[in-house]
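structure-v4.cif (mmCIF, C-alpha atoms) appears below.
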```cif
data_coords
#
loop_
_atom_site.label_atom_id
_atom_site.label_comp_id
_atom_site.auth_asym_id
_atom_site.auth_seq_id
_atom_site.Cartn_x
_atom_site.Cartn_y
_atom_site.Cartn_z
CA MET A 1 144.08 140.08 87.45
CA ALA A 2 146.52 139.17 84.67
CA ASN A 3 145.30 138.63 81.12
CA LYS A 4 148.48 136.65 80.40
CA LEU A 5 149.93 133.76 82.37
CA THR A 6 153.45 132.60 81.60
CA VAL A 7 154.21 128.99 82.51
CA ALA A 8 157.52 127.10 82.54
CA LEU A 9 157.44 123.33 81.95
CA VAL A 10 160.50 121.71 83.55
CA GLN A 11 161.19 118.20 82.20
CA THR A 12 164.18 116.33 83.64
CA GLN A 13 165.45 112.95 84.74
CA LEU A 14 164.94 112.04 88.41
CA TYR A 15 167.41 110.55 90.88
CA TRP A 16 165.78 107.46 92.35
CA GLU A 17 164.67 108.01 95.95
CA HIS A 18 167.22 110.78 96.46
CA PRO A 19 165.50 114.06 97.44
CA GLN A 20 168.68 116.09 97.93
CA ASN A 21 170.09 115.31 94.48
CA ASN A 22 166.72 115.99 92.86
CA LYS A 23 166.25 119.33 94.58
CA LYS A 24 169.77 120.41 93.61
CA HIS A 25 169.09 119.34 90.02
CA PHE A 26 165.76 121.17 89.82
CA GLU A 27 167.20 124.25 91.46
CA GLN A 28 169.74 124.48 88.64
CA HIS A 29 167.01 124.19 86.02
CA VAL A 30 164.74 126.70 87.72
CA GLU A 31 167.50 129.22 88.28
CA SER A 32 168.45 128.97 84.60
CA ILE A 33 165.04 130.33 83.52
CA GLU A 34 166.01 133.80 82.36
CA GLU A 35 162.61 135.28 81.51
CA ALA A 36 160.00 136.27 84.05
CA VAL A 37 157.42 133.52 84.54
CA ASP A 38 154.28 133.22 86.67
CA VAL A 39 154.19 129.46 87.27
CA ILE A 40 156.89 126.76 87.18
CA ILE A 41 155.68 123.15 86.87
CA LEU A 42 157.81 120.17 87.97
CA PRO A 43 156.91 116.47 87.48
CA GLU A 44 155.14 114.04 89.79
CA MET A 45 157.15 112.84 92.83
CA PHE A 46 159.95 115.14 91.73
CA THR A 47 162.07 114.43 94.80
CA SER A 48 162.07 110.64 94.44
CA GLY A 49 160.61 109.20 91.27
CA PHE A 50 157.48 107.04 91.37
CA THR A 51 158.43 104.96 94.38
CA MET A 52 156.24 102.41 96.12
CA GLU A 53 158.41 102.63 99.24
CA PRO A 54 157.22 105.98 100.57
CA GLN A 55 158.81 105.52 103.99
CA LYS A 56 162.21 106.12 102.36
CA VAL A 57 161.41 109.63 101.16
CA ALA A 58 158.26 110.85 102.91
CA GLU A 59 158.23 114.30 104.49
CA ALA A 60 155.89 116.36 106.61
CA MET A 61 154.22 119.54 105.43
CA ASN A 62 156.70 121.51 107.54
CA GLY A 63 159.63 119.55 106.10
CA GLU A 64 162.68 120.47 104.04
CA THR A 65 161.09 120.33 100.59
CA VAL A 66 158.19 122.62 101.45
CA HIS A 67 160.69 125.11 102.89
CA TRP A 68 162.87 124.73 99.77
CA LEU A 69 159.90 125.41 97.51
CA LYS A 70 158.98 128.54 99.44
CA VAL A 71 162.51 129.91 99.22
CA LEU A 72 162.76 129.13 95.49
CA ALA A 73 159.32 130.59 94.74
CA GLN A 74 160.23 133.81 96.52
CA SER A 75 163.60 133.95 94.76
CA LYS A 76 162.07 133.50 91.30
CA GLN A 77 158.90 135.48 92.12
CA ALA A 78 156.92 132.65 90.58
CA ALA A 79 154.60 129.96 91.89
CA ILE A 80 156.19 126.50 91.83
CA THR A 81 154.26 123.23 91.71
CA GLY A 82 154.88 119.48 91.55
CA SER A 83 154.09 116.47 93.71
CA ILE A 84 156.08 114.82 96.50
CA VAL A 85 155.49 112.07 99.06
CA ILE A 86 153.89 113.44 102.22
CA LYS A 87 153.21 111.57 105.47
CA GLU A 88 150.28 112.88 107.49
CA ASP A 89 148.20 111.23 110.22
CA ASP A 90 149.97 107.89 109.61
CA TYR A 91 149.04 107.93 105.90
CA PHE A 92 151.24 108.48 102.85
CA TYR A 93 149.96 110.81 100.12
CA ASN A 94 151.09 111.57 96.58
CA ARG A 95 150.52 115.28 97.12
CA LEU A 96 150.82 118.13 94.64
CA LEU A 97 152.04 121.33 96.27
CA PHE A 98 151.42 124.78 94.77
CA VAL A 99 153.66 127.33 96.46
CA GLU A 100 153.30 131.03 95.68
CA PRO A 101 156.04 133.69 96.06
CA SER A 102 154.16 135.03 99.11
CA GLY A 103 154.58 131.65 100.80
CA ASN A 104 150.91 130.79 100.42
CA LEU A 105 150.54 127.04 99.85
CA SER A 106 147.72 125.01 98.29
CA TYR A 107 147.73 121.26 97.78
CA TYR A 108 145.94 118.43 96.01
CA ASN A 109 146.08 114.73 96.89
CA LYS A 110 146.10 112.37 93.91
CA ARG A 111 142.61 111.00 93.48
CA HIS A 112 143.32 108.02 91.22
CA THR A 113 146.12 105.95 92.71
CA PHE A 114 147.76 103.71 90.12
CA SER A 115 146.63 100.20 91.04
CA LEU A 116 148.72 98.58 88.27
CA ALA A 117 151.84 99.52 90.27
CA GLY A 118 150.24 99.00 93.69
CA GLU A 119 150.03 102.70 94.50
CA ASP A 120 146.56 102.14 95.95
CA LYS A 121 148.07 99.77 98.53
CA VAL A 122 150.59 102.22 99.97
CA TYR A 123 149.16 105.70 99.33
CA LYS A 124 145.87 107.12 100.52
CA ALA A 125 143.77 108.48 97.66
CA GLY A 126 142.53 112.04 97.75
CA SER A 127 138.84 112.84 97.83
CA ASP A 128 138.71 116.54 96.93
CA LYS A 129 139.05 118.26 93.60
CA VAL A 130 140.96 121.51 94.02
CA ILE A 131 140.74 124.78 92.11
CA ILE A 132 143.55 127.26 92.77
CA THR A 133 143.03 130.94 92.04
CA TYR A 134 146.30 132.65 91.19
CA LYS A 135 146.75 136.05 89.53
CA GLY A 136 143.08 135.99 88.53
CA TRP A 137 143.40 132.58 86.81
CA LYS A 138 141.56 129.46 87.95
CA LEU A 139 143.90 126.46 87.86
CA CYS A 140 142.91 122.82 88.22
CA PRO A 141 145.81 120.56 89.33
CA MET A 142 145.87 116.83 88.64
CA ILE A 143 148.42 114.02 88.95
CA CYS A 144 149.40 111.46 86.29
CA TYR A 145 146.83 108.59 86.37
CA ASP A 146 144.04 111.16 86.90
CA LEU A 147 144.47 111.91 83.18
CA ARG A 148 142.62 108.70 82.27
CA PHE A 149 139.43 109.73 84.09
CA PRO A 150 137.65 112.61 82.33
CA VAL A 151 134.73 112.79 84.76
CA TRP A 152 137.08 113.85 87.56
CA SER A 153 138.56 116.68 85.51
CA ARG A 154 135.25 117.79 83.96
CA ASN A 155 135.16 121.58 83.86
CA VAL A 156 132.15 122.36 86.03
CA GLU A 157 134.02 125.19 87.81
CA ASP A 158 134.86 127.19 84.65
CA TYR A 159 138.55 126.84 85.35
CA ASP A 160 141.04 128.30 82.88
CA VAL A 161 143.96 125.87 83.06
CA LEU A 162 144.06 122.13 83.68
CA PHE A 163 147.52 120.75 84.41
CA TYR A 164 148.98 117.33 85.11
CA VAL A 165 152.30 116.43 86.72
CA ALA A 166 153.40 112.91 85.87
CA ASN A 167 155.76 109.95 85.78
CA TRP A 168 154.16 108.52 82.62
CA PRO A 169 156.23 105.68 81.10
CA GLU A 170 157.36 105.36 77.51
CA ARG A 171 155.30 102.23 76.80
CA ARG A 172 152.03 104.17 77.17
CA ILE A 173 153.18 107.56 75.90
CA ALA A 174 150.74 107.49 72.95
CA ALA A 175 147.87 107.58 75.46
CA TRP A 176 149.48 110.54 77.25
CA ASP A 177 149.73 112.50 74.00
CA VAL A 178 146.12 111.84 72.99
CA LEU A 179 144.51 112.31 76.41
CA LEU A 180 146.17 115.66 77.13
CA ARG A 181 144.77 117.06 73.91
CA ALA A 182 141.35 115.52 74.60
CA ARG A 183 141.18 117.08 78.06
CA ALA A 184 141.87 120.52 76.54
CA ILE A 185 139.18 120.14 73.88
CA GLU A 186 136.41 118.72 76.06
CA ASN A 187 136.95 121.24 78.86
CA MET A 188 137.65 124.27 76.64
CA ALA A 189 140.63 125.06 78.85
CA TYR A 190 144.36 125.23 78.41
CA CYS A 191 145.82 121.81 79.25
CA ILE A 192 149.44 121.30 80.29
CA GLY A 193 151.24 118.07 81.12
CA VAL A 194 154.73 117.85 82.64
CA ASN A 195 156.41 114.44 82.59
CA ARG A 196 159.90 113.16 83.41
CA VAL A 197 162.65 111.51 81.32
CA GLY A 198 165.28 108.88 82.08
CA THR A 199 164.94 105.48 83.72
CA ASP A 200 163.57 104.84 87.21
CA GLY A 201 164.74 102.42 89.90
CA ASN A 202 162.51 99.69 88.50
CA GLY A 203 164.02 99.96 85.04
CA HIS A 204 161.05 101.73 83.45
CA PRO A 205 162.07 104.27 80.76
CA TYR A 206 160.42 107.68 80.36
CA VAL A 207 160.56 109.89 77.27
CA GLY A 208 158.87 113.03 78.54
CA HIS A 209 156.54 114.47 75.91
CA SER A 210 155.61 117.33 78.24
CA ALA A 211 153.20 119.50 76.28
CA ALA A 212 150.67 122.34 76.31
CA TYR A 213 147.43 122.76 74.35
CA ASP A 214 144.97 125.60 73.88
CA VAL A 215 141.18 125.32 74.28
CA LEU A 216 140.78 123.93 70.75
CA GLY A 217 143.48 121.31 71.21
CA ASN A 218 146.10 123.17 69.21
CA SER A 219 149.64 122.48 70.36
CA LEU A 220 151.48 125.40 71.96
CA VAL A 221 154.73 123.46 72.09
CA LYS A 222 155.58 120.20 70.41
CA PRO A 223 156.04 117.28 72.85
CA MET A 224 159.33 117.90 74.64
CA GLU A 225 162.22 115.46 74.48
CA GLY A 226 165.21 115.06 76.82
CA GLU A 227 165.99 117.39 79.68
CA SER A 228 164.56 120.75 78.78
CA THR A 229 162.58 123.71 80.02
CA VAL A 230 160.00 125.38 77.79
CA VAL A 231 158.04 128.56 78.54
CA VAL A 232 154.52 129.05 77.17
CA SER A 233 152.30 132.12 77.36
CA LEU A 234 148.59 131.66 78.01
CA ASP A 235 146.05 134.35 77.08
CA LYS A 236 142.75 134.82 78.94
CA SER A 237 141.18 136.44 75.86
CA HIS A 238 141.74 133.21 73.90
CA ILE A 239 139.56 131.36 76.42
CA GLU A 240 136.88 134.02 76.53
CA GLU A 241 136.69 134.41 72.74
CA HIS A 242 136.18 130.72 72.03
CA ARG A 243 133.87 129.99 74.95
CA THR A 244 131.69 132.93 73.94
CA LYS A 245 131.68 131.99 70.28
CA LEU A 246 131.32 128.21 70.57
CA LYS A 247 129.45 127.84 73.89
CA PHE A 248 130.17 124.09 74.12
CA LEU A 249 130.40 124.22 77.91
CA ASN A 250 126.79 125.40 78.07
CA ASP A 251 125.75 121.92 76.94
CA ARG A 252 127.89 119.95 79.39
CA ASP A 253 126.25 117.20 81.43
CA ARG A 254 125.25 118.01 84.99
CA PHE A 255 126.11 115.42 87.61
CA ASN A 256 127.31 114.84 91.16
CA LEU A 257 130.15 112.50 92.04
CA ILE A 258 129.21 109.88 94.64
CA ASP A 259 131.89 107.69 96.21
#
```

Starting from the file, lay out its structure as structure tokens.
Amino acid sequence: MANKLTVALVQTQLYWEHPQNNKKHFEQHVESIEEAVDVIILPEMFTSGFTMEPQKVAEAMNGETVHWLKVLAQSKQAAITGSIVIKEDDYFYNRLLFVEPSGNLSYYNKRHTFSLAGEDKVYKAGSDKVIITYKGWKLCPMICYDLRFPVWSRNVEDYDVLFYVANWPERRIAAWDVLLRARAIENMAYCIGVNRVGTDGNGHPYVGHSAAYDVLGNSLVKPMEGESTVVVSLDKSHIEEHRTKLKFLNDRDRFNLID
């Protein structure tokens, strides 16, 4: 069990519906990380951008990108995570993959598909919340639009880190900034969000603002701008100290989610 967890936030532009160019681009960014890190976080749909034409870029779980992630994770001796378009059983999923250096793979299917863009019409929504245990840390992965729904991310599992991968557009970036901090405070967990920059194939601009907050909502890194990679160090004792002292989670509401 590690008392410290070092996380790299990789914020870049995305090549529209072009997996090979995106993987080459991310590989350059990942390989340029000089310090040892435990987890590397890429944005949502990092091989394609937020496309509503999944048939153009969809892959299987034994496809090229999963293999690429395993090779890169082993090379960097770090877990790598981000979401891609997966086709399985005749359905398309916006699926977050968490690949460890050992090759072990966990995944989470986006629960809240973005109806404003028609994502709910072409992608199958996930039904299961996922908690990943890695190096003694409990991680809760989420994807973009999930950020707007606090009940889904409510910390009933005593997880340590909540993280979101996203393609969150500039026009609603104020909500992104506020909600990331709120999720950290209400769940007494580290909260990390990794977004993209640039302009997508539909002409929507993105300004990034990838960020990380501690359990009190204090910023660990100011919202990132442009293409950049930032490394943050998380400390388990910070979580334990404040949860023991403040005990806010002891008063959380008890409930069951019913579809």

Contact residues around Val85 in chain A with all atoms listed in the file at 8 Å, ignoring same-chain residues under 2 positions, as a ChimeraX atom specification: /A:45,54,57-59,83,87,92-95

Which of these, A:Ala79, A:Asn218, A:Pro205, A:Glu27, has the shortest distance to Leu139 in chain A once you count all atoms listed in the file?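 For Leu139 in chain A, the nearest of the candidates is A:Ala79.
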
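Closest approach to Tyr108 in chain A from the set A:Trp137, A:Ala174, A:Phe163, A:Lys56 is made by A:Phe163, with distances taken over all atoms listed in the file.
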
Name the residues in contact with Asn187 in chain A at a cut-off of 12 Å, using all atoms listed in the file, excluding same-chain residues fewer than 2 positions from it; report them as JSON, numbers by chain. {"A": [140, 150, 151, 152, 153, 154, 155, 156, 157, 158, 159, 160, 161, 162, 163, 179, 180, 181, 182, 183, 184, 185, 189, 190, 191, 213, 214, 215, 216, 217, 239, 242, 243, 247, 248, 249, 250, 251, 252, 253]}

Atomic distance CA of Val197 in chain A - CA of Thr12 in chain A, expressed in Å with one decimal: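 These two atoms are separated by 5.6 Å.
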
Identify all residues satisfying the PyMOL selection byres ((chain A and resi 17) around 7) in the given file; provide them as a count of residues only. 7
